[in-house]
Amino acid sequence: MNNWPLWEVFIRSKNGLNHKHVGSLHAADAEMAMQNGRDVYTRRNEGISIWVVESKHISASDPDEGESLFDPANDKVYRHPTFYNLPDELKHM
Amino acid sequence: MKDHLYNFLLHLGDNALVLGHRLSEICGHGPILEQDMAMTNIALDLVGQSRNIFQYAARMKGGDTTEDTLAYLRDATAFKNVLLVEQKNGDFAKTILRQFLYDAYNYPLYKRLMNSSDKDLAAIAEKSIKEITYHLKWSSEWVIRLGDGTEESHNRMNNAIQDLWSYTGELFKYSDYEISCHESGILPDLNGIAEEWNAEVKNIFAEAGLEIPEKAWSHDGGKRGVHSEHLGFLLAEMQFLQRAYPGQEW
């Protein structure tokens with residue numbers, strides 16, 4: 001069991017919302033990962049849908065490149081929709 | 001009060017409670033964290049099911065009887081669970097196989113109890129069936145994984161079959177109260193459940209590469225209170241607190 005791959009677990013908490021990363025776990029295959037995800041991460045009514053993906057399939061950005069990737073957005077306030085009035089009905093923006 | 005229904009409720013509740021307690025014994029000792037939680041979840045489901053049944057039985061009995069007195073203040077000879085569920089956890093293969101053999105019986109049983117002539121029991125069955133469906137899915141998959149896994153896991157499954165097979169015959173042998181319950185439409189025909197159980201076990205064993213043993217002698221007695229030596233030790237641990245400190249609450 002020590003060589004079971006690692007899986008990342010994503011849970012949709014209710015219809016209309018996105019799947020959100022909730023953690024990771026070990027499992028031999030996708031089916032077991034799904035069941036383990038159910039047993040470990042949805043015991044308290046956290047979700048209605050589960051995605052699992054083997055961690056090795058996730059490409060992550062390099063923290064060392066953080067400055068070049070993310071800092072340039074810091075001074076571009078005009079990209080935020082704060083200059084418009086959002087209608088009240090619009091949720092989850 | 002209908003004695004046969006009351007006894008049948010105790011039988012159902014005891015099955016769930018004893019197996020739930022057995023699984024709870026290995027809380028924190030699962031082979032990996034995820035399976036440890038899976039087994040603990042199932043233990044909690046089973047204890048919850050036994051509570052629903054005992055609450056109903058206690059209402060029927062009246063007087064000082066409560067779900068707690070039924071769980072904590074009866075002696076081994078008053079317990080009516082089948083012998084299968086009181087068998088010790090053993091290794092992971094044995095824990096899994098015991099669970100599967102029970103789930104494969106419990107699922108067709110509760111599915112039919114949803115149409116029981118007793119409306120309260122039917123409602124309890126309906127509430128429990130979703131959990132039981134998952135238990136069966138979980139334990140069947142593990143039987144396949146272990147049976148069809150490594151040489152070691154395959155051998156361990158075979159040892160577990162040797163240990164537990166002789167406790168499966170009792171599941172389908174009518175007790176007195178089951179006969180009465182069957183006659184009054186509370187309990188469906190056990191033969192139909194046996195057929196479904198046989199088909200499920202055959203199916204899953206085939207996928208797991210495991211052999212079904214030849215027909216052989218089987219233990220019985222649990223349903224009428226004649227238990228293996230293991231139940232007394234289990235109850236000693238489970239009931240200790242209420243026996244030593246009567247009426248103690250969380």
# chains A, B, ... in the order shown; residues from 1 in each chain; ligands from 1
call {"tool": "residues_around", "arguments": {"residues": "Asn15 in chain A", "least_positions_apart": "3", "cutoff": "10 Å", "atoms": "only C-alpha atoms", "output": "JSON, numbers by chain"}}
result
{"A": [12, 18, 19, 47, 48, 49]}
call {"tool": "write_last_selection", "arguments": {"atoms": "N, CA, C and O atoms", "output": "tab-separated table (two decimals), in the first residue's frame"}}
result
chain	number	residue	atom	x	y	z
A	12	ARG	N	-17.86	19.10	-5.19
A	12	ARG	CA	-18.85	20.13	-5.48
A	12	ARG	C	-19.82	20.14	-4.30
A	12	ARG	O	-20.45	19.12	-4.00
A	18	ASN	N	-18.66	25.40	-8.20
A	18	ASN	CA	-17.57	24.63	-8.80
A	18	ASN	C	-17.10	23.52	-7.88
A	18	ASN	O	-17.24	23.61	-6.67
A	19	HIS	N	-16.47	22.53	-8.48
A	19	HIS	CA	-15.74	21.56	-7.66
A	19	HIS	C	-14.54	22.30	-7.06
A	19	HIS	O	-13.87	23.06	-7.73
A	47	GLY	N	-20.72	17.34	0.26
A	47	GLY	CA	-20.75	17.38	-1.19
A	47	GLY	C	-21.84	16.58	-1.86
A	47	GLY	O	-22.51	15.76	-1.26
A	48	ILE	N	-22.00	16.86	-3.17
A	48	ILE	CA	-22.94	16.10	-3.98
A	48	ILE	C	-22.24	15.51	-5.20
A	48	ILE	O	-22.86	14.83	-6.00
A	49	SER	N	-20.97	15.80	-5.36
A	49	SER	CA	-20.25	15.26	-6.50
A	49	SER	C	-18.75	15.25	-6.20
A	49	SER	O	-18.25	16.15	-5.53
call {"tool": "interface_residues", "arguments": {"of": "chain A", "to": "chain B", "cutoff": "7 Å", "atoms": "only C-alpha atoms", "output": "MDAnalysis selection string"}}
result
chainID A and resid 36 39:40
call {"tool": "write_last_selection", "arguments": {"atoms": "C-alpha atoms", "output": "mmCIF file, in the first residue's frame"}}
result
data_model
loop_
_atom_site.group_PDB
_atom_site.id
_atom_site.type_symbol
_atom_site.label_atom_id
_atom_site.label_comp_id
_atom_site.auth_asym_id
_atom_site.auth_seq_id
_atom_site.Cartn_x
_atom_site.Cartn_y
_atom_site.Cartn_z
ATOM 1 C CA ASN A 36 -11.967 6.878 -0.280
ATOM 2 C CA ASP A 39 -15.426 8.187 3.070
ATOM 3 C CA VAL A 40 -12.840 10.769 4.049
#
call {"tool": "atom_distance", "arguments": {"atom1": "CA of Arg59 in chain B", "atom2": "CA of Leu73 in chain B"}}
result
16.6 Å
call {"tool": "residues_around", "arguments": {"residues": "Glu249 in chain B", "least_positions_apart": "6", "cutoff": "12 Å", "atoms": "only C-alpha atoms", "output": "PyMOL selection string"}}
result
chain B and resi 68+241-242
call {"tool": "write_last_selection", "arguments": {"atoms": "all heavy atoms", "output": "CSV table (one decimal), in the first residue's frame"}}
result
chain,number,residue,atom,x,y,z
B,68,ASP,N,-31.1,1.9,25.3
B,68,ASP,CA,-29.9,1.6,26.0
B,68,ASP,C,-30.0,0.3,26.9
B,68,ASP,O,-29.0,-0.4,27.0
B,68,ASP,CB,-29.5,2.8,27.0
B,68,ASP,CG,-28.9,4.0,26.2
B,68,ASP,OD1,-28.4,3.7,25.0
B,68,ASP,OD2,-29.0,5.1,26.6
B,241,LEU,N,-19.3,-0.1,30.9
B,241,LEU,CA,-19.5,1.2,31.5
B,241,LEU,C,-20.9,1.3,32.1
B,241,LEU,O,-21.0,1.7,33.3
B,241,LEU,CB,-19.4,2.3,30.4
B,241,LEU,CG,-19.3,3.7,31.1
B,241,LEU,CD1,-17.8,4.0,31.3
B,241,LEU,CD2,-19.9,4.8,30.2
B,242,GLN,N,-21.9,0.8,31.4
B,242,GLN,CA,-23.3,0.9,32.0
B,242,GLN,C,-23.5,-0.1,33.1
B,242,GLN,O,-24.3,0.1,34.0
B,242,GLN,CB,-24.3,0.6,30.9
B,242,GLN,CG,-24.6,1.8,30.0
B,242,GLN,CD,-25.1,3.0,30.7
B,242,GLN,OE1,-25.9,2.9,31.7
B,242,GLN,NE2,-24.6,4.2,30.3
call {"tool": "residues_around", "arguments": {"residues": "Leu19 in chain B", "least_positions_apart": "3", "cutoff": "6 Å", "atoms": "only C-alpha atoms", "output": "PDB file with all heavy atoms, in the first residue's frame"}}
result
ATOM      1  N   ALA B  16     -26.929  -5.698  13.717  1.00  0.00           N
ATOM      2  CA  ALA B  16     -26.307  -4.412  13.385  1.00  0.00           C
ATOM      3  C   ALA B  16     -25.385  -3.945  14.513  1.00  0.00           C
ATOM      4  O   ALA B  16     -24.259  -3.497  14.275  1.00  0.00           O
ATOM      5  CB  ALA B  16     -27.378  -3.366  13.096  1.00  0.00           C
ATOM      6  N   ARG B  22     -17.966  -4.720  16.530  1.00  0.00           N
ATOM      7  CA  ARG B  22     -16.759  -5.418  16.042  1.00  0.00           C
ATOM      8  C   ARG B  22     -15.906  -4.474  15.197  1.00  0.00           C
ATOM      9  O   ARG B  22     -14.697  -4.388  15.369  1.00  0.00           O
ATOM     10  CB  ARG B  22     -17.158  -6.623  15.188  1.00  0.00           C
ATOM     11  CG  ARG B  22     -17.328  -7.918  15.952  1.00  0.00           C
ATOM     12  CD  ARG B  22     -15.991  -8.485  16.379  1.00  0.00           C
ATOM     13  NE  ARG B  22     -16.157  -9.749  17.086  1.00  0.00           N
ATOM     14  CZ  ARG B  22     -15.729  -9.979  18.330  1.00  0.00           C
ATOM     15  NH1 ARG B  22     -15.107  -9.028  19.006  1.00  0.00           N
ATOM     16  NH2 ARG B  22     -15.904 -11.150  18.892  1.00  0.00           N
ATOM     17  N   VAL B  85     -21.740 -12.433  12.676  1.00  0.00           N
ATOM     18  CA  VAL B  85     -21.331 -11.059  12.990  1.00  0.00           C
ATOM     19  C   VAL B  85     -20.502 -10.951  14.267  1.00  0.00           C
ATOM     20  O   VAL B  85     -19.818  -9.951  14.476  1.00  0.00           O
ATOM     21  CB  VAL B  85     -22.545 -10.093  13.078  1.00  0.00           C
ATOM     22  CG1 VAL B  85     -23.250 -10.016  11.730  1.00  0.00           C
ATOM     23  CG2 VAL B  85     -23.518 -10.498  14.172  1.00  0.00           C
TER      24      VAL B  85
END
call {"tool": "residues_around", "arguments": {"residues": "Glu46 in chain A", "least_positions_apart": "5", "cutoff": "8 Å", "atoms": "only C-alpha atoms", "output": "list in words"}}
result
Ile11, Ser13 and Tyr41 of chain A
call {"tool": "select_by_dssp", "arguments": {"residues": "chain A", "states": "helix (DSSP H, G or I)", "output": "count of residues only"}}
result
32
call {"tool": "residues_around", "arguments": {"residues": "Leu25 in chain A", "least_positions_apart": "3", "cutoff": "10 Å", "atoms": "only C-alpha atoms", "output": "mmCIF file with N, CA, C and O atoms, in the first residue's frame"}}
result
data_model
loop_
_atom_site.group_PDB
_atom_site.id
_atom_site.type_symbol
_atom_site.label_atom_id
_atom_site.label_comp_id
_atom_site.auth_asym_id
_atom_site.auth_seq_id
_atom_site.Cartn_x
_atom_site.Cartn_y
_atom_site.Cartn_z
ATOM 1 N N TRP A 4 0.896 2.902 -3.428
ATOM 2 C CA TRP A 4 -0.329 3.403 -4.054
ATOM 3 C C TRP A 4 -0.125 4.868 -4.419
ATOM 4 O O TRP A 4 0.422 5.629 -3.624
ATOM 5 N N PRO A 5 -0.578 5.246 -5.616
ATOM 6 C CA PRO A 5 -0.385 6.645 -6.011
ATOM 7 C C PRO A 5 -1.252 7.613 -5.197
ATOM 8 O O PRO A 5 -2.216 7.222 -4.546
ATOM 9 N N LEU A 6 -0.843 8.845 -5.280
ATOM 10 C CA LEU A 6 -1.553 9.921 -4.586
ATOM 11 C C LEU A 6 -2.607 10.507 -5.522
ATOM 12 O O LEU A 6 -2.373 10.634 -6.719
ATOM 13 N N TRP A 7 -3.765 10.843 -4.980
ATOM 14 C CA TRP A 7 -4.860 11.430 -5.768
ATOM 15 C C TRP A 7 -5.301 12.732 -5.128
ATOM 16 O O TRP A 7 -5.268 12.871 -3.903
ATOM 17 N N GLU A 8 -5.704 13.671 -5.979
ATOM 18 C CA GLU A 8 -6.264 14.929 -5.477
ATOM 19 C C GLU A 8 -7.787 14.833 -5.562
ATOM 20 O O GLU A 8 -8.329 14.300 -6.530
ATOM 21 N N VAL A 9 -8.449 15.330 -4.541
ATOM 22 C CA VAL A 9 -9.902 15.188 -4.454
ATOM 23 C C VAL A 9 -10.574 16.557 -4.572
ATOM 24 O O VAL A 9 -10.163 17.522 -3.924
ATOM 25 N N ALA A 33 -10.162 5.509 -5.264
ATOM 26 C CA ALA A 33 -9.941 6.905 -4.890
ATOM 27 C C ALA A 33 -11.281 7.614 -4.664
ATOM 28 O O ALA A 33 -11.459 8.395 -3.737
ATOM 29 N N MET A 34 -12.246 7.284 -5.523
ATOM 30 C CA MET A 34 -13.579 7.886 -5.413
ATOM 31 C C MET A 34 -14.237 7.469 -4.091
ATOM 32 O O MET A 34 -14.786 8.292 -3.365
ATOM 33 N N ASN A 36 -12.708 6.305 -1.401
ATOM 34 C CA ASN A 36 -11.967 6.878 -0.280
ATOM 35 C C ASN A 36 -12.324 8.349 -0.108
ATOM 36 O O ASN A 36 -12.456 8.838 1.014
ATOM 37 N N GLY A 37 -12.482 9.034 -1.229
ATOM 38 C CA GLY A 37 -12.847 10.449 -1.172
ATOM 39 C C GLY A 37 -14.198 10.616 -0.497
ATOM 40 O O GLY A 37 -14.392 11.508 0.333
ATOM 41 N N VAL A 40 -13.677 9.858 3.272
ATOM 42 C CA VAL A 40 -12.840 10.769 4.049
ATOM 43 C C VAL A 40 -13.369 12.207 4.011
ATOM 44 O O VAL A 40 -13.336 12.909 5.009
ATOM 45 N N TYR A 41 -13.909 12.627 2.838
ATOM 46 C CA TYR A 41 -14.199 14.055 2.689
ATOM 47 C C TYR A 41 -15.684 14.426 2.627
ATOM 48 O O TYR A 41 -16.006 15.595 2.513
ATOM 49 N N VAL A 52 -11.857 12.911 -8.782
ATOM 50 C CA VAL A 52 -10.513 12.586 -8.317
ATOM 51 C C VAL A 52 -9.591 12.581 -9.524
ATOM 52 O O VAL A 52 -9.985 12.203 -10.624
ATOM 53 N N GLU A 54 -5.306 11.760 -10.452
ATOM 54 C CA GLU A 54 -4.007 11.379 -9.918
ATOM 55 C C GLU A 54 -3.113 12.604 -9.853
ATOM 56 O O GLU A 54 -3.019 13.365 -10.825
ATOM 57 N N SER A 55 -2.463 12.776 -8.731
ATOM 58 C CA SER A 55 -1.699 14.012 -8.501
ATOM 59 C C SER A 55 -0.669 14.252 -9.590
ATOM 60 O O SER A 55 -0.389 15.395 -9.953
ATOM 61 N N LEU B 33 -5.242 4.993 6.355
ATOM 62 C CA LEU B 33 -6.174 5.960 6.941
ATOM 63 C C LEU B 33 -7.539 5.909 6.260
ATOM 64 O O LEU B 33 -8.574 5.899 6.917
ATOM 65 N N GLU B 34 -7.535 5.858 4.905
ATOM 66 C CA GLU B 34 -8.797 5.941 4.177
ATOM 67 C C GLU B 34 -9.698 4.741 4.499
ATOM 68 O O GLU B 34 -10.907 4.886 4.632
#
call {"tool": "atom_distance", "arguments": {"atom1": "CA of His230 in chain B", "atom2": "CA of Ser139 in chain B"}}
result
22.9 Å
call {"tool": "residues_around", "arguments": {"residues": "Phe10 in chain A", "least_positions_apart": "2", "cutoff": "6 Å", "atoms": "only C-alpha atoms", "output": "list in words"}}
result
His19, Lys20, His21, Val22, Ile50 and Trp51 of chain A
call {"tool": "write_last_selection", "arguments": {"atoms": "all heavy atoms", "output": "PDB file, in the first residue's frame"}}
result
ATOM      1  N   HIS A  19     -16.467  22.528  -8.483  1.00  0.00           N
ATOM      2  CA  HIS A  19     -15.741  21.565  -7.664  1.00  0.00           C
ATOM      3  C   HIS A  19     -14.544  22.296  -7.055  1.00  0.00           C
ATOM      4  O   HIS A  19     -13.865  23.058  -7.733  1.00  0.00           O
ATOM      5  CB  HIS A  19     -15.233  20.412  -8.523  1.00  0.00           C
ATOM      6  CG  HIS A  19     -16.294  19.421  -8.889  1.00  0.00           C
ATOM      7  ND1 HIS A  19     -17.242  19.670  -9.850  1.00  0.00           N
ATOM      8  CD2 HIS A  19     -16.570  18.175  -8.408  1.00  0.00           C
ATOM      9  CE1 HIS A  19     -18.051  18.628  -9.956  1.00  0.00           C
ATOM     10  NE2 HIS A  19     -17.675  17.701  -9.091  1.00  0.00           N
ATOM     11  N   LYS A  20     -14.308  22.044  -5.780  1.00  0.00           N
ATOM     12  CA  LYS A  20     -13.200  22.712  -5.101  1.00  0.00           C
ATOM     13  C   LYS A  20     -12.235  21.675  -4.547  1.00  0.00           C
ATOM     14  O   LYS A  20     -12.661  20.633  -4.044  1.00  0.00           O
ATOM     15  CB  LYS A  20     -13.738  23.545  -3.932  1.00  0.00           C
ATOM     16  CG  LYS A  20     -13.687  25.037  -4.177  1.00  0.00           C
ATOM     17  CD  LYS A  20     -14.234  25.794  -3.000  1.00  0.00           C
ATOM     18  CE  LYS A  20     -13.140  26.339  -2.114  1.00  0.00           C
ATOM     19  NZ  LYS A  20     -13.680  27.173  -1.039  1.00  0.00           N
ATOM     20  N   HIS A  21     -10.959  21.982  -4.610  1.00  0.00           N
ATOM     21  CA  HIS A  21      -9.975  21.056  -4.073  1.00  0.00           C
ATOM     22  C   HIS A  21     -10.136  20.955  -2.557  1.00  0.00           C
ATOM     23  O   HIS A  21     -10.202  21.969  -1.875  1.00  0.00           O
ATOM     24  CB  HIS A  21      -8.563  21.554  -4.409  1.00  0.00           C
ATOM     25  CG  HIS A  21      -7.506  20.605  -3.977  1.00  0.00           C
ATOM     26  ND1 HIS A  21      -6.526  20.951  -3.079  1.00  0.00           N
ATOM     27  CD2 HIS A  21      -7.303  19.304  -4.304  1.00  0.00           C
ATOM     28  CE1 HIS A  21      -5.743  19.893  -2.884  1.00  0.00           C
ATOM     29  NE2 HIS A  21      -6.189  18.896  -3.616  1.00  0.00           N
ATOM     30  N   VAL A  22     -10.222  19.722  -2.052  1.00  0.00           N
ATOM     31  CA  VAL A  22     -10.399  19.586  -0.603  1.00  0.00           C
ATOM     32  C   VAL A  22      -9.239  18.855   0.058  1.00  0.00           C
ATOM     33  O   VAL A  22      -9.089  18.911   1.279  1.00  0.00           O
ATOM     34  CB  VAL A  22     -11.711  18.842  -0.253  1.00  0.00           C
ATOM     35  CG1 VAL A  22     -12.912  19.682  -0.613  1.00  0.00           C
ATOM     36  CG2 VAL A  22     -11.776  17.475  -0.922  1.00  0.00           C
ATOM     37  N   ILE A  50     -18.065  14.214  -6.655  1.00  0.00           N
ATOM     38  CA  ILE A  50     -16.628  14.093  -6.380  1.00  0.00           C
ATOM     39  C   ILE A  50     -15.862  13.920  -7.687  1.00  0.00           C
ATOM     40  O   ILE A  50     -16.278  13.158  -8.554  1.00  0.00           O
ATOM     41  CB  ILE A  50     -16.331  12.856  -5.498  1.00  0.00           C
ATOM     42  CG1 ILE A  50     -17.097  12.913  -4.182  1.00  0.00           C
ATOM     43  CG2 ILE A  50     -14.833  12.731  -5.223  1.00  0.00           C
ATOM     44  CD1 ILE A  50     -16.886  11.692  -3.309  1.00  0.00           C
ATOM     45  N   TRP A  51     -14.763  14.633  -7.815  1.00  0.00           N
ATOM     46  CA  TRP A  51     -13.793  14.345  -8.870  1.00  0.00           C
ATOM     47  C   TRP A  51     -12.505  13.906  -8.194  1.00  0.00           C
ATOM     48  O   TRP A  51     -12.116  14.469  -7.171  1.00  0.00           O
ATOM     49  CB  TRP A  51     -13.443  15.616  -9.674  1.00  0.00           C
ATOM     50  CG  TRP A  51     -14.505  16.110 -10.590  1.00  0.00           C
ATOM     51  CD1 TRP A  51     -15.679  15.500 -10.920  1.00  0.00           C
ATOM     52  CD2 TRP A  51     -14.493  17.351 -11.310  1.00  0.00           C
ATOM     53  NE1 TRP A  51     -16.391  16.271 -11.788  1.00  0.00           N
ATOM     54  CE2 TRP A  51     -15.686  17.420 -12.052  1.00  0.00           C
ATOM     55  CE3 TRP A  51     -13.582  18.396 -11.403  1.00  0.00           C
ATOM     56  CZ2 TRP A  51     -15.985  18.503 -12.861  1.00  0.00           C
ATOM     57  CZ3 TRP A  51     -13.885  19.469 -12.207  1.00  0.00           C
ATOM     58  CH2 TRP A  51     -15.084  19.518 -12.944  1.00  0.00           C
TER      59      TRP A  51
END
call {"tool": "select_by_dssp", "arguments": {"residues": "chain A", "states": "strand (DSSP E or B)", "output": "PyMOL selection string"}}
result
chain A and resi 6-12+19-26+49-54
